[in-house]
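Scroll down for the structure; my scribbles are underneath it.
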Amino acid sequence: MGTLVRLGTEIENALKYYYMEKKDYRDLIDLKRDINFEKNIFQRIMPWTQNNVLDLYKVQLNIDLHNNSKLKNIQELMLCRHLYAHNSGLLNDDFISKYQRLTDVDVTKLPNIAAIYPANDTYYFSPLNKLDNFIEDCRNFIRQLP
């Protein structure tokens with residue numbers, strides 16, 4: 001779980017430093033002077049979040065991250081990262097709804113979850129089985145940045 005959380009942090013940092021490079025910012029002081037910068041904006045990669053990195057890149061850099069073939073996988077990674085970092089993998093209705101919206105998978109229909117959720121605390125660790133794929137997806141996502 002910790003590796004997946006750190007992987008999400010690497011995506012956040014890659015998006016931040018790539019943005020800084022493209023804007024010719026020398027350091028974080030320059031970034032913080034950017035009127036378009038907000039705390040955690042490089043974590044917000046879901047299309048339904050306001051002030052997200054997708055819009056920032058499109059408007060400020062003329063880069064459409066939707067053209068990156070690994071975007072959806074990175075979005076799944078970041079959604080799971082949030083669940084693990086802030087909820088230790090404990091399912092909640094907000095995550096379930098967002099995960100289904102993103103992946104079309106209703107985790108409450110999975111046999112091991114359907115039998116116990118929502119009556120009992122239920123942890124969702126299945127994405128950890130895809131950790132090797134997420135690592136490669138991160139590499140390829142970054143490589144595809146123009």
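Naming scheme: A, B, ... for chains in displayed order of the structure tokens; residues 1 onward per chain; ligands 1 onward as shown.
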
Please give the complete set of residues from chain A that DSSP, run on the backbone, assigns to helix (DSSP H, G or I), formatted as a PyMOL selection string.
chain A and resi 2-22+28-33+53-61+65-67+71-87+93-103+107-109+111-114+126-143

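By chain and then residue number, the residues within 12 Å of A:Asp27 are Lys16, Tyr17, Tyr18, Tyr19, Met20, Glu21, Lys32, Arg33 and Asp34 of chain A, counting only C-alpha atoms and disregarding those fewer than 5 positions away in sequence.
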
For stretch 56-67 of chain A, please output as a PDB file with C-alpha atoms, in the first residue's frame all residues within 10 Å (counting only C-alpha atoms; exclusion window: fewer than 6 positions along the same chain).
```pdb
ATOM      1  CA  LEU A  15       3.372  16.860 -13.189  1.00  0.00           C
ATOM      2  CA  TYR A  19       4.823  22.295 -15.477  1.00  0.00           C
ATOM      3  CA  LYS A  22       7.577  24.382 -19.329  1.00  0.00           C
ATOM      4  CA  LYS A  23       6.837  27.697 -17.615  1.00  0.00           C
ATOM      5  CA  ASN A  36      -3.094  29.461 -11.642  1.00  0.00           C
ATOM      6  CA  PHE A  37      -1.261  27.426  -9.020  1.00  0.00           C
ATOM      7  CA  ILE A  41      -3.560  20.943  -7.997  1.00  0.00           C
ATOM      8  CA  PHE A  42      -1.129  18.340  -9.350  1.00  0.00           C
ATOM      9  CA  ILE A  45      -6.332  14.587 -12.111  1.00  0.00           C
ATOM     10  CA  PRO A  47     -12.152  15.377 -14.783  1.00  0.00           C
ATOM     11  CA  PHE A 141       2.648   8.362 -18.818  1.00  0.00           C
ATOM     12  CA  GLN A 144       4.390  10.499 -23.341  1.00  0.00           C
ATOM     13  CA  LEU A 145       4.479  14.087 -22.088  1.00  0.00           C
ATOM     14  CA  PRO A 146       5.427  16.243 -25.086  1.00  0.00           C
TER      15      PRO A 146
END
```

Write out, as CSV, each residue of stretch 12-100 of chain A that has an atom at most 9 Å from stretch 126-135 of chain A, together with the closest pair of atoms and their distance in Å to one decimal, counting only C-alpha atoms, rows going by chain and rising number.
```
residue,atom,partner,partner_atom,distance
A:Asn73,CA,A:Phe134,CA,7.2
A:Ile74,CA,A:Phe134,CA,7.4
A:Glu76,CA,A:Pro127,CA,8.9
A:Leu77,CA,A:Phe134,CA,6.9
A:Cys80,CA,A:Pro127,CA,7.3
```

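What separates atom CA of A:His86 from atom CA of A:Glu12 is a distance of 16.1 Å.
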
Mind checking which residues fall within 12 Å of A:Thr9, counting only C-alpha atoms, ignoring those fewer than 5 positions away in the same chain, and posting them as a PyMOL selection string?
chain A and resi 2-4+14-16+40+42-44+74+77-78+81-82+85+138

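Of the residues under consideration (A:Asn13, A:Thr103, A:Thr108, A:Thr122), A:Thr122 shows the shortest atom-to-atom contact distance to A:Asn87 when counting only C-alpha atoms.
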
Between A:Leu83, A:Val107, A:Asn120, A:Arg139, which is the closest to A:Glu10 once you count only C-alpha atoms?
A:Arg139

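The space between atom CA of A:Tyr123 and atom CA of A:Asn52 spans 27.6 Å.
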